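For reference, the structure discussed in these notes is given below.
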Amino acid sequence: MQIIKQIPNLITLSNLLGGCIAIVILVTGFLPTEYAFVCILYSLIADFLDGFTARLLKAHSPIGLQLDSLADMVSFGLFPGLLIFYSFGFFSNDPSTLEESPINYLAFLITLGSAYRLAKFNVDSEQTTYFRGLATPANTILCIGIFYLLSYLDHFDSFLPIYSTYFLAGFSIISCFLLVSNLPLFSLKFKSFKLKDLLAPILLALISIILLFYLGVVALAPIIILYIILSIIFKKSFVK
């Protein structure tokens, strides 16, 4: 029976493993960046499944809570910071100067903000029904979406190498702010099935499907921005 109780922790550790492999791919470049994103996709799925499995098996534990945050710090804290850091060199068309520009290191504000966000989540009893600040998995999706958005624009705008550095610097600051802010954002863990409580998630799902159909992975960043906007509009439906 005790072995069964460890299943959620094993899933959490697989989330951590996915993040580690994604980082290795990103740093070494021995595989295309898309393979790193596949690993992070697995980590996102595992991050959902560990909590679901813990509830199903009634295997909640203080160790599981801490382990989840430690795994998230790698997969959804260190990885997105590194992704934006390497994006500075990738979109400037001069990766050799990546380590030479101090502004590039602003990317790690995302990692620092993620650490603070995860610590705050662990001690905040109000974040059981909704989030305060952008959750680290959602922020990681936003960072991946920004990478794909810039990749898409890179095919059409010859001025992108000039402006991408300033854009990524600004994005790093905004991302960090969203992580550490007290902005209320609705959770997809439904506590009620009333239409007024489900309206925001339903709208998010429907519009996201349309955006993904027409834009593909380029839609990831707009979807997270839409999530933030809907949370602001429907704040009264989940903050009570």
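Residues in the structure tokens are numbered from 1 in each chain, the chains being A, B, ... in the order shown, and ligands are numbered from 1 in the order shown.
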Would you list the contacts of Arg55 (chain A) as a PDB file with C-alpha atoms, in the first residue's frame, taking every protein, DNA or RNA residue within 12 Å and counting only C-alpha atoms, but skipping same-chain residues closer than 6 positions in sequence?
```pdb
ATOM      1  CA  LYS A   5       1.118   6.047  -2.151  1.00  0.00           C
ATOM      2  CA  ILE A   7       2.965   6.895  -7.352  1.00  0.00           C
ATOM      3  CA  PRO A   8       2.171  10.656  -7.316  1.00  0.00           C
ATOM      4  CA  PHE A  48      -1.397  17.824 -13.787  1.00  0.00           C
ATOM      5  CA  LEU A  49      -1.372  14.062 -13.273  1.00  0.00           C
ATOM      6  CA  SER A  61       1.735  14.527   1.825  1.00  0.00           C
ATOM      7  CA  GLY A  64       4.698  15.626  -2.200  1.00  0.00           C
TER       8      GLY A  64
END
```
Hey, which bits of region 28-89 of chain A sit within 9 Å of region 107-123 of chain A, and for each residue what's the closest pair of atoms and how far apart in Å (one decimal), counting only C-alpha atoms, rows by chain and increasing number, as JSON lines?
```
{"residue": "A:Leu65", "atom": "CA", "partner": "A:Asn122", "partner_atom": "CA", "distance": 7.7}
{"residue": "A:Gln66", "atom": "CA", "partner": "A:Asn122", "partner_atom": "CA", "distance": 8.1}
{"residue": "A:Ser69", "atom": "CA", "partner": "A:Leu118", "partner_atom": "CA", "distance": 6.2}
{"residue": "A:Leu70", "atom": "CA", "partner": "A:Leu118", "partner_atom": "CA", "distance": 8.7}
{"residue": "A:Asp72", "atom": "CA", "partner": "A:Leu118", "partner_atom": "CA", "distance": 8.0}
{"residue": "A:Met73", "atom": "CA", "partner": "A:Ala115", "partner_atom": "CA", "distance": 6.4}
{"residue": "A:Val74", "atom": "CA", "partner": "A:Thr111", "partner_atom": "CA", "distance": 9.0}
{"residue": "A:Phe76", "atom": "CA", "partner": "A:Ser114", "partner_atom": "CA", "distance": 7.5}
{"residue": "A:Gly77", "atom": "CA", "partner": "A:Thr111", "partner_atom": "CA", "distance": 4.7}
{"residue": "A:Leu78", "atom": "CA", "partner": "A:Thr111", "partner_atom": "CA", "distance": 5.2}
{"residue": "A:Phe79", "atom": "CA", "partner": "A:Thr111", "partner_atom": "CA", "distance": 8.0}
{"residue": "A:Pro80", "atom": "CA", "partner": "A:Ile110", "partner_atom": "CA", "distance": 7.1}
{"residue": "A:Gly81", "atom": "CA", "partner": "A:Phe108", "partner_atom": "CA", "distance": 4.9}
{"residue": "A:Leu82", "atom": "CA", "partner": "A:Phe108", "partner_atom": "CA", "distance": 7.2}
{"residue": "A:Leu83", "atom": "CA", "partner": "A:Ala107", "partner_atom": "CA", "distance": 8.3}
{"residue": "A:Ile84", "atom": "CA", "partner": "A:Ala107", "partner_atom": "CA", "distance": 5.6}
{"residue": "A:Phe85", "atom": "CA", "partner": "A:Ala107", "partner_atom": "CA", "distance": 5.1}
{"residue": "A:Tyr86", "atom": "CA", "partner": "A:Ala107", "partner_atom": "CA", "distance": 8.8}
{"residue": "A:Phe88", "atom": "CA", "partner": "A:Ala107", "partner_atom": "CA", "distance": 8.7}
```
Write the residues of the preceding selection, restricted to C-alpha atoms, as a PDB file, in the first residue's frame.
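Below is the file that was written, part05.pdb:
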```pdb
ATOM      1  CA  LEU A  65       3.952  19.354  -1.906  1.00  0.00           C
ATOM      2  CA  GLN A  66       7.610  20.295  -1.584  1.00  0.00           C
ATOM      3  CA  SER A  69       7.563  22.832  -6.194  1.00  0.00           C
ATOM      4  CA  LEU A  70      11.148  21.636  -6.627  1.00  0.00           C
ATOM      5  CA  ASP A  72       8.325  22.918 -11.106  1.00  0.00           C
ATOM      6  CA  MET A  73      11.288  25.151 -10.331  1.00  0.00           C
ATOM      7  CA  VAL A  74      13.378  23.261 -12.880  1.00  0.00           C
ATOM      8  CA  PHE A  76       8.821  25.842 -15.259  1.00  0.00           C
ATOM      9  CA  GLY A  77      11.380  28.144 -13.633  1.00  0.00           C
ATOM     10  CA  LEU A  78      14.874  27.466 -14.900  1.00  0.00           C
ATOM     11  CA  PHE A  79      13.844  26.245 -18.354  1.00  0.00           C
ATOM     12  CA  PRO A  80      11.793  29.324 -19.422  1.00  0.00           C
ATOM     13  CA  GLY A  81      14.538  31.627 -18.135  1.00  0.00           C
ATOM     14  CA  LEU A  82      17.120  29.767 -20.203  1.00  0.00           C
ATOM     15  CA  LEU A  83      14.808  29.729 -23.217  1.00  0.00           C
ATOM     16  CA  ILE A  84      14.445  33.514 -23.221  1.00  0.00           C
ATOM     17  CA  PHE A  85      18.189  33.914 -22.501  1.00  0.00           C
ATOM     18  CA  TYR A  86      19.094  31.877 -25.586  1.00  0.00           C
ATOM     19  CA  PHE A  88      18.366  36.915 -27.232  1.00  0.00           C
TER      20      PHE A  88
END
```
- How many Å separate CA of Thr12 (chain A) from CA of Asp47 (chain A)?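 Calculated distance between CA of Thr12 (chain A) and CA of Asp47 (chain A) is 6.5 Å.
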- Any idea what's packed within 10 Å of Ile11 (chain A), counting only C-alpha atoms, ignoring anything in its chain fewer than 2 positions away? Could you give it as a count of residues only? 20
- Could you please write out, as a list of chain:residue names, every residue of region 90-240 of chain A that DSSP assigns to strand (DSSP E or B)?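 Those in region 90-240 of chain A that DSSP calls strand (DSSP E or B) are A:Tyr130, A:Phe131, A:Arg132, A:Pro184, A:Leu185, A:Phe186.
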For all heavy atoms, I'd like the residues from the last selection saved as a short mmCIF file (atom, residue, chain, number, x, y, z; two decimals), in the first residue's frame.
```
data_model
loop_
_atom_site.label_atom_id
_atom_site.label_comp_id
_atom_site.auth_asym_id
_atom_site.auth_seq_id
_atom_site.Cartn_x
_atom_site.Cartn_y
_atom_site.Cartn_z
N TYR A 130 -8.29 29.66 -6.76
CA TYR A 130 -7.81 30.50 -7.86
C TYR A 130 -6.36 30.88 -7.58
O TYR A 130 -5.83 30.64 -6.49
CB TYR A 130 -8.68 31.75 -8.02
CG TYR A 130 -8.61 32.74 -6.88
CD1 TYR A 130 -7.72 33.81 -6.91
CD2 TYR A 130 -9.43 32.61 -5.75
CE1 TYR A 130 -7.65 34.73 -5.87
CE2 TYR A 130 -9.37 33.51 -4.71
CZ TYR A 130 -8.48 34.56 -4.77
OH TYR A 130 -8.41 35.46 -3.73
N PHE A 131 -5.69 31.45 -8.59
CA PHE A 131 -4.29 31.81 -8.46
C PHE A 131 -4.12 33.30 -8.20
O PHE A 131 -4.91 34.10 -8.66
CB PHE A 131 -3.51 31.45 -9.73
CG PHE A 131 -3.51 29.98 -10.04
CD1 PHE A 131 -4.02 29.52 -11.25
CD2 PHE A 131 -3.00 29.06 -9.14
CE1 PHE A 131 -4.01 28.18 -11.56
CE2 PHE A 131 -2.98 27.71 -9.44
CZ PHE A 131 -3.49 27.26 -10.65
N ARG A 132 -3.06 33.62 -7.47
CA ARG A 132 -2.62 35.01 -7.35
C ARG A 132 -1.29 35.12 -8.08
O ARG A 132 -0.28 34.60 -7.61
CB ARG A 132 -2.48 35.41 -5.88
CG ARG A 132 -3.81 35.63 -5.17
CD ARG A 132 -3.59 36.27 -3.80
NE ARG A 132 -4.87 36.56 -3.16
CZ ARG A 132 -5.58 37.66 -3.36
NH1 ARG A 132 -5.12 38.57 -4.22
NH2 ARG A 132 -6.71 37.86 -2.75
N PRO A 184 -5.44 38.25 -9.53
CA PRO A 184 -6.23 37.02 -9.42
C PRO A 184 -6.52 36.41 -10.80
O PRO A 184 -7.00 37.10 -11.69
CB PRO A 184 -7.52 37.48 -8.73
CG PRO A 184 -7.62 38.94 -9.04
CD PRO A 184 -6.22 39.45 -9.17
N LEU A 185 -6.23 35.14 -10.95
CA LEU A 185 -6.44 34.42 -12.21
C LEU A 185 -7.18 33.12 -11.92
O LEU A 185 -6.84 32.41 -10.96
CB LEU A 185 -5.10 34.11 -12.88
CG LEU A 185 -4.21 35.33 -13.20
CD1 LEU A 185 -2.81 34.88 -13.60
CD2 LEU A 185 -4.83 36.15 -14.32
N PHE A 186 -8.17 32.82 -12.73
CA PHE A 186 -8.99 31.64 -12.43
C PHE A 186 -8.22 30.34 -12.66
O PHE A 186 -7.35 30.24 -13.50
CB PHE A 186 -10.30 31.64 -13.22
CG PHE A 186 -10.16 31.53 -14.72
CD1 PHE A 186 -10.00 30.31 -15.34
CD2 PHE A 186 -10.24 32.67 -15.53
CE1 PHE A 186 -9.89 30.20 -16.72
CE2 PHE A 186 -10.13 32.58 -16.91
CZ PHE A 186 -9.96 31.34 -17.51
#
```
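When CA of Val218 (chain A) is paired with CA of Tyr152 (chain A), their separation reads 7.3 Å.
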- Task: Just give me the gap between CA of Phe213 (chain A) and CA of Tyr227 (chain A) in Å, one decimal is fine.
- Result: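 Between CA of Phe213 (chain A) and CA of Tyr227 (chain A) the gap works out to 17.4 Å.
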- Point out the residue among A:His60, A:Val24, A:Phe90, A:Leu134 with the least atom-to-atom distance to Phe177 (chain A), counting only C-alpha atoms.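 Among the listed residues, A:Leu134 lies closest to Phe177 (chain A).
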- Message: I need the residues of region 5-226 of chain A that end up classed as helix (DSSP H, G or I) by DSSP on the backbone, written out as a count of residues only.
- Response: 181
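Closest to Val38 (chain A) among A:Gln2, A:Ser75, A:Asn182, A:Thr136 is A:Ser75, based on only C-alpha atoms.
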